[in-house]
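Step one of this worksheet: look at the structure below.
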Amino acid sequence: MIELSESQRLIQQTVREFARAEIDPIADDIDREDRFPRHLWPMLGELGLLGVTIDEQYGGSNAGLLAGVIATEEIARASASVALSYGAHANLCANNIAANASEAQKEQYLPGLCDGTQIGALALTEPEAGSDAMGIRTTAVRDGDVYRLNGSKMFITNGSVADTLVLYAKTDPEAGSKGVTAFIVESGFEGFSVGQVLDKVGHRGSPTAELILEDCIVPASNVLRGEGAGAGVMMQGLAVERAFLAGEPLGIAQAALDEAVEYARNRRQFGQRIGDFQLIQAMLADMYTELEAARWLVYRTAHVVEEAATRGIRSNKEAAAAILYSAEMSSRVADKAVQIHGGYGYMSESRVARFVRDAKLLEIGAGTSEIRRMLIGRELIGPE
């Protein structure tokens with residue numbers, strides 16, 4: 001079992017209080033209006049959360065991966081939408097830059113990402129390349145001191161609001177994984193534009209967009225780790241990404257359990273609280289047990305992934321297992337919360353209905369449940 005340190009418990013309490021005060025009161029409006037709450041970003045930066053895994057010299061708090069998981073969980077307990085955009089910013093963008101950038105790149109981009117004056121995103125997925133990340137078709141051609149990028153990206157979290165993006169393109173389309181290069185791209189670069197902003201079932205308020213690159217000019221100095229190193233950048237961050245994101249379904253499930261318990265205490269049928277019926281108690285017990293099992297798996301995985309990274313060891317199997325179980329658990333728990341609420345739970349304005357909509361994405365994004373199972377099984381079998 002992983003016991004939280006004093007500093008981690010302080011982060012947990014601080015984020016919980018912040019989420020209750022600043023996020024929870026507007027969570028329903030964020031969902032209903034599909035509105036991105038940009039005003040929260042400097043506030044998250046002030047708390048040290050946007051640079052939670054980044055060294056203090058660049059404006060981060062260097063609190064570690066588990067602290068990031070805890071922060072994601074507490075934010076998601078109030079709003080999964082804010083948690084998703086937070087993860088895309090703090091982990092997929094800022095942490096990727098911190099882990100792979102040159103000193104000059106870190107000094108240029110990390111302070112703004114850490115203080116919330118800049119919003120970050122990761123741009124990998126394309127219309128024809130989702131789980132097949134190496135199948136991207138966006139190209140980058142060197143032209144003197146710049147690269148010219150052409151192509152499009154799809155399903156990009158924070159895509160329409162991001163200022164700074166880690167973006168992947170092929171510099172050598174014939175070289176397979178060795179032909180992929182990672183770039184730091186600014187939304188203000190010539191040739192960069194936002195296409196359609198997508199209308200999602202859940203995680204409304206966390207904008208998901210199409211990005212269009214038409215001779216987008218990116219300085220050669222913005223290449224991460226050198227030309228052709230994109231696959232390495234991508235693989236290096238996968239375990240951390242999955243472990244970080246696994247905190248979000250914990251928050252959704254906790255919120256669903258909270259709502260279900262409260263409703264069971266107050267809703268009366270046949271002259272008594274529905275919480276006094278054994279079948280309702282059994283559902284609540286299952287929800288609690290699954291959530292606790294997932295929480296300790298996720299917390300332990302964050303510790304394992306961070307420890308492995310310091311020794312240059314990959315922990316893909318462990319991270320995939322954590323997000324696989326946590327994501328599917330949150331869907332089951334949210335579904336039971338709707339069942340306990342009965343007809344009221346099926347109404348559009350119901351919070352538990354929002355939890356069901358939000359939970360489903362986590363079985364799809366950042367690698368589907370099927371891809372996660374395949375990865376785990378492949379590592380367990382090992383090479384022939």
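The chains in the structure tokens are called A, B, ... from first to last as shown; in each chain the residues are counted from 1, and the ligands are counted from 1 in the order shown.
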Counting only C-alpha atoms, which residues in region 15-129 of chain A sit no more than 12 Å from region 146-156 of chain A? For each one, give the nearest pair of atoms and the distance in Å, sorted by chain then residue number, as CSV.
```
residue,atom,partner,partner_atom,distance
A:Leu84,CA,A:Ile156,CA,11.4
A:Ser85,CA,A:Ile156,CA,10.3
A:Ala88,CA,A:Ile156,CA,9.2
A:His89,CA,A:Ile156,CA,11.5
A:Leu92,CA,A:Ile156,CA,11.1
A:Cys93,CA,A:Ile156,CA,11.8
A:Gly120,CA,A:Ile156,CA,10.9
A:Ala121,CA,A:Ile156,CA,7.4
A:Leu122,CA,A:Ile156,CA,6.9
A:Ala123,CA,A:Ile156,CA,5.9
A:Leu124,CA,A:Lys153,CA,6.7
A:Thr125,CA,A:Met154,CA,5.6
A:Glu126,CA,A:Lys153,CA,4.4
A:Pro127,CA,A:Met154,CA,5.6
A:Glu128,CA,A:Met154,CA,9.0
A:Ala129,CA,A:Met154,CA,9.0
```
With all heavy atoms retained, export the selected residues as a compact mmCIF listing (two decimals), in the first residue's frame.
```
# COMPACT_ATOMS: atom_id res chain seq x y z
N LEU A 84 -9.48 16.95 -17.68
CA LEU A 84 -8.93 16.50 -18.96
C LEU A 84 -8.05 17.59 -19.58
O LEU A 84 -6.94 17.30 -20.05
CB LEU A 84 -10.07 16.14 -19.92
CG LEU A 84 -9.63 15.60 -21.28
CD1 LEU A 84 -8.94 14.25 -21.14
CD2 LEU A 84 -10.83 15.48 -22.22
N SER A 85 -8.55 18.82 -19.59
CA SER A 85 -7.74 19.92 -20.15
C SER A 85 -6.50 20.16 -19.31
O SER A 85 -5.43 20.48 -19.85
CB SER A 85 -8.58 21.19 -20.22
OG SER A 85 -9.47 21.15 -21.32
N ALA A 88 -3.97 17.44 -20.29
CA ALA A 88 -3.38 17.71 -21.61
C ALA A 88 -2.34 18.82 -21.51
O ALA A 88 -1.30 18.77 -22.19
CB ALA A 88 -4.48 18.11 -22.59
N HIS A 89 -2.60 19.79 -20.68
CA HIS A 89 -1.68 20.92 -20.49
C HIS A 89 -0.45 20.50 -19.68
O HIS A 89 0.69 20.59 -20.15
CB HIS A 89 -2.41 22.06 -19.78
CG HIS A 89 -1.53 23.21 -19.41
ND1 HIS A 89 -1.57 24.42 -20.06
CD2 HIS A 89 -0.57 23.34 -18.45
CE1 HIS A 89 -0.68 25.24 -19.52
NE2 HIS A 89 -0.07 24.61 -18.53
N LEU A 92 0.72 16.17 -21.01
CA LEU A 92 1.00 15.90 -22.42
C LEU A 92 1.86 16.97 -23.07
O LEU A 92 2.69 16.66 -23.94
CB LEU A 92 -0.31 15.76 -23.19
CG LEU A 92 -1.26 14.66 -22.76
CD1 LEU A 92 -2.46 14.57 -23.70
CD2 LEU A 92 -0.54 13.32 -22.70
N CYS A 93 1.70 18.20 -22.65
CA CYS A 93 2.49 19.29 -23.24
C CYS A 93 3.68 19.66 -22.35
O CYS A 93 4.83 19.43 -22.70
CB CYS A 93 1.62 20.50 -23.50
SG CYS A 93 2.51 21.88 -24.26
N GLY A 120 -1.36 24.66 -22.99
CA GLY A 120 -0.66 23.65 -23.76
C GLY A 120 -1.56 22.54 -24.28
O GLY A 120 -2.66 22.31 -23.78
N ALA A 121 -1.04 21.84 -25.30
CA ALA A 121 -1.76 20.71 -25.89
C ALA A 121 -0.75 19.78 -26.55
O ALA A 121 0.40 20.15 -26.79
CB ALA A 121 -2.79 21.17 -26.91
N LEU A 122 -1.19 18.57 -26.84
CA LEU A 122 -0.43 17.59 -27.61
C LEU A 122 -1.19 17.31 -28.89
O LEU A 122 -2.40 17.03 -28.85
CB LEU A 122 -0.26 16.30 -26.83
CG LEU A 122 0.41 15.13 -27.58
CD1 LEU A 122 1.92 15.36 -27.65
CD2 LEU A 122 0.12 13.80 -26.89
N ALA A 123 -0.50 17.38 -30.03
CA ALA A 123 -1.16 17.15 -31.32
C ALA A 123 -0.50 15.97 -32.02
O ALA A 123 0.53 16.10 -32.67
CB ALA A 123 -1.07 18.41 -32.19
N LEU A 124 -1.12 14.81 -31.86
CA LEU A 124 -0.63 13.58 -32.49
C LEU A 124 -1.69 12.97 -33.40
O LEU A 124 -1.43 12.72 -34.58
CB LEU A 124 -0.23 12.56 -31.41
CG LEU A 124 0.10 11.14 -31.88
CD1 LEU A 124 1.29 11.15 -32.83
CD2 LEU A 124 0.37 10.22 -30.69
N THR A 125 -2.89 12.73 -32.89
CA THR A 125 -3.93 12.02 -33.62
C THR A 125 -4.33 12.75 -34.90
O THR A 125 -4.39 13.97 -34.94
CB THR A 125 -5.16 11.84 -32.72
OG1 THR A 125 -4.78 11.14 -31.54
CG2 THR A 125 -6.25 11.05 -33.43
N GLU A 126 -4.61 11.95 -35.94
CA GLU A 126 -5.06 12.49 -37.22
C GLU A 126 -6.33 11.77 -37.65
O GLU A 126 -6.70 10.74 -37.07
CB GLU A 126 -3.95 12.34 -38.27
CG GLU A 126 -2.70 13.11 -37.92
CD GLU A 126 -1.62 13.03 -39.00
OE1 GLU A 126 -1.86 12.34 -40.03
OE2 GLU A 126 -0.55 13.64 -38.81
N PRO A 127 -7.02 12.28 -38.67
CA PRO A 127 -8.25 11.62 -39.12
C PRO A 127 -8.07 10.14 -39.45
O PRO A 127 -8.97 9.34 -39.22
CB PRO A 127 -8.65 12.43 -40.36
CG PRO A 127 -8.09 13.79 -40.11
CD PRO A 127 -6.80 13.55 -39.39
N GLU A 128 -6.90 9.76 -39.95
CA GLU A 128 -6.65 8.37 -40.33
C GLU A 128 -5.61 7.70 -39.44
O GLU A 128 -5.12 6.61 -39.76
CB GLU A 128 -6.17 8.31 -41.80
CG GLU A 128 -7.15 8.89 -42.80
CD GLU A 128 -8.48 8.15 -42.80
OE1 GLU A 128 -8.48 6.92 -42.61
OE2 GLU A 128 -9.52 8.81 -42.99
N ALA A 129 -5.25 8.32 -38.33
CA ALA A 129 -4.23 7.76 -37.44
C ALA A 129 -4.60 8.04 -36.01
O ALA A 129 -4.35 9.13 -35.49
CB ALA A 129 -2.85 8.34 -37.76
```
Polymer residues at most 8 Å from region 364-373 of chain A, only C-alpha atoms, same-chain spacing of 6 or more positions, as number ranges by chain:
A: 131, 241-242, 320-321, 324
If DSSP is run on the backbone, what residues of region 98-129 of chain A are alpha helix (DSSP H)? A reply as a ChimeraX atom specification would be ideal.
/A:98-100,103-115
Atoms kept (N, CA and C atoms) for selection, written as a compact mmCIF listing (two decimals), in the first residue's frame:
```
# COMPACT_ATOMS: atom_id res chain seq x y z
N ALA A 98 9.45 19.40 -20.73
CA ALA A 98 10.44 19.31 -19.65
C ALA A 98 11.32 18.08 -19.80
N ALA A 99 10.76 16.98 -20.29
CA ALA A 99 11.51 15.73 -20.39
C ALA A 99 12.37 15.64 -21.63
N ASN A 100 12.05 16.42 -22.67
CA ASN A 100 12.73 16.22 -23.95
C ASN A 100 13.38 17.46 -24.55
N GLU A 103 17.80 23.13 -23.20
CA GLU A 103 17.75 24.15 -22.15
C GLU A 103 17.08 25.42 -22.66
N ALA A 104 17.44 25.82 -23.88
CA ALA A 104 16.85 27.04 -24.45
C ALA A 104 15.34 26.89 -24.64
N GLN A 105 14.90 25.72 -25.09
CA GLN A 105 13.47 25.47 -25.28
C GLN A 105 12.73 25.49 -23.95
N LYS A 106 13.32 24.88 -22.93
CA LYS A 106 12.69 24.90 -21.61
C LYS A 106 12.54 26.31 -21.08
N GLU A 107 13.59 27.09 -21.21
CA GLU A 107 13.54 28.47 -20.71
C GLU A 107 12.52 29.31 -21.47
N GLN A 108 12.33 29.00 -22.75
CA GLN A 108 11.39 29.77 -23.56
C GLN A 108 9.95 29.42 -23.28
N TYR A 109 9.66 28.13 -23.10
CA TYR A 109 8.26 27.70 -23.07
C TYR A 109 7.71 27.31 -21.70
N LEU A 110 8.54 26.77 -20.82
CA LEU A 110 8.00 26.23 -19.57
C LEU A 110 7.46 27.28 -18.60
N PRO A 111 8.10 28.44 -18.43
CA PRO A 111 7.55 29.40 -17.46
C PRO A 111 6.10 29.79 -17.75
N GLY A 112 5.78 30.06 -19.01
CA GLY A 112 4.41 30.44 -19.37
C GLY A 112 3.42 29.31 -19.19
N LEU A 113 3.87 28.08 -19.44
CA LEU A 113 3.00 26.93 -19.23
C LEU A 113 2.79 26.68 -17.74
N CYS A 114 3.81 26.95 -16.94
CA CYS A 114 3.69 26.71 -15.50
C CYS A 114 2.85 27.77 -14.79
N ASP A 115 2.87 29.00 -15.28
CA ASP A 115 2.10 30.04 -14.58
C ASP A 115 0.69 30.23 -15.17
```
Would you pick out the contacts of Gly247 (chain A) at 10 Å or less, using only C-alpha atoms, so that residues sharing its chain but fewer than 5 positions from it are not included, and give the list as number ranges by chain?
A: 66, 68-77, 83, 87, 242, 252, 294-295, 298-299, 302, 322-323, 326-327
As a PyMOL selection string, which residues of region 156-334 of chain A does DSSP assign to strand (DSSP E or B)?
chain A and resi 156-157+164-170+180-186+192-197+208-219+223-224+268-269+272-273
How would the residues just picked look written out with C-alpha atoms as a tab-separated table (two decimals), in the first residue's frame?
```tsv
chain	number	residue	atom	x	y	z
A	156	ILE	CA	-6.90	17.42	-30.11
A	157	THR	CA	-7.74	18.26	-26.49
A	164	THR	CA	1.87	25.97	-27.25
A	165	LEU	CA	1.66	22.46	-28.70
A	166	VAL	CA	3.89	19.41	-28.91
A	167	LEU	CA	3.13	18.27	-32.45
A	168	TYR	CA	4.28	15.24	-34.44
A	169	ALA	CA	5.02	15.14	-38.18
A	170	LYS	CA	6.94	12.93	-40.60
A	180	VAL	CA	8.76	10.90	-37.13
A	181	THR	CA	9.83	14.20	-35.57
A	182	ALA	CA	8.36	16.10	-32.62
A	183	PHE	CA	8.07	19.90	-32.76
A	184	ILE	CA	7.09	22.67	-30.39
A	185	VAL	CA	4.50	24.65	-32.32
A	186	GLU	CA	2.90	27.95	-31.38
A	192	PHE	CA	-1.44	27.21	-38.32
A	193	SER	CA	-5.22	27.33	-37.97
A	194	VAL	CA	-8.04	25.71	-36.06
A	195	GLY	CA	-10.61	23.78	-38.10
A	196	GLN	CA	-13.81	22.48	-36.58
A	197	VAL	CA	-14.33	22.45	-32.83
A	208	THR	CA	-11.53	19.15	-28.76
A	209	ALA	CA	-10.58	20.43	-32.18
A	210	GLU	CA	-9.26	19.79	-35.64
A	211	LEU	CA	-5.98	21.57	-36.45
A	212	ILE	CA	-4.91	22.51	-39.96
A	213	LEU	CA	-1.30	23.02	-41.06
A	214	GLU	CA	-0.84	24.71	-44.42
A	215	ASP	CA	2.84	25.42	-45.00
A	216	CYS	CA	3.03	26.09	-41.27
A	217	ILE	CA	6.44	27.62	-40.60
A	218	VAL	CA	8.19	26.19	-37.53
A	219	PRO	CA	11.76	27.22	-36.61
A	223	VAL	CA	12.56	20.38	-32.94
A	224	LEU	CA	12.47	18.17	-29.84
A	268	ARG	CA	-37.67	7.90	0.40
A	269	GLN	CA	-39.80	5.12	-1.08
A	272	GLN	CA	-38.23	4.56	4.24
A	273	ARG	CA	-34.90	5.76	2.85
```
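Here CA of Ser348 (chain A) stands at a distance of 23.6 Å from CA of Gly275 (chain A).
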Go ahead and compute the interatomic distance for CA of Ala253 (chain A) and CA of Gln12 (chain A), in Å to one decimal.
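If I compute the distance from CA of Ala253 (chain A) to CA of Gln12 (chain A), I get 16.5 Å.
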Non-local contacts of Pro207 (chain A) (8 Å; only C-alpha atoms; under 2 positions in same chain excluded) as a ChimeraX atom specification
/A:34-36,85,157-161,197-198,204-205,209
Export C-alpha atoms of the chosen residues as a PDB file, in the first residue's frame?
```
ATOM      1  CA  ASP A  34     -19.523  23.678 -23.521  1.00  0.00           C
ATOM      2  CA  ARG A  35     -17.415  26.578 -22.237  1.00  0.00           C
ATOM      3  CA  PHE A  36     -13.686  26.402 -21.522  1.00  0.00           C
ATOM      4  CA  SER A  85      -7.744  19.916 -20.149  1.00  0.00           C
ATOM      5  CA  THR A 157      -7.743  18.262 -26.488  1.00  0.00           C
ATOM      6  CA  ASN A 158      -7.284  22.017 -25.895  1.00  0.00           C
ATOM      7  CA  GLY A 159      -6.706  22.332 -29.646  1.00  0.00           C
ATOM      8  CA  SER A 160      -8.783  25.471 -30.119  1.00  0.00           C
ATOM      9  CA  VAL A 161      -7.414  27.284 -27.051  1.00  0.00           C
ATOM     10  CA  VAL A 197     -14.329  22.452 -32.830  1.00  0.00           C
ATOM     11  CA  LEU A 198     -15.977  19.100 -32.138  1.00  0.00           C
ATOM     12  CA  ARG A 204     -17.975  19.342 -22.614  1.00  0.00           C
ATOM     13  CA  GLY A 205     -16.020  22.486 -21.816  1.00  0.00           C
ATOM     14  CA  ALA A 209     -10.582  20.428 -32.180  1.00  0.00           C
TER      15      ALA A 209
END
```
I'd like the neighbourhood of Val201 (chain A) as a PyMOL selection string, where a residue qualifies if any of its atoms comes within 9 Å (using only C-alpha atoms), though same-chain residues fewer than 5 positions away should be ignored.
chain A and resi 357-358+361
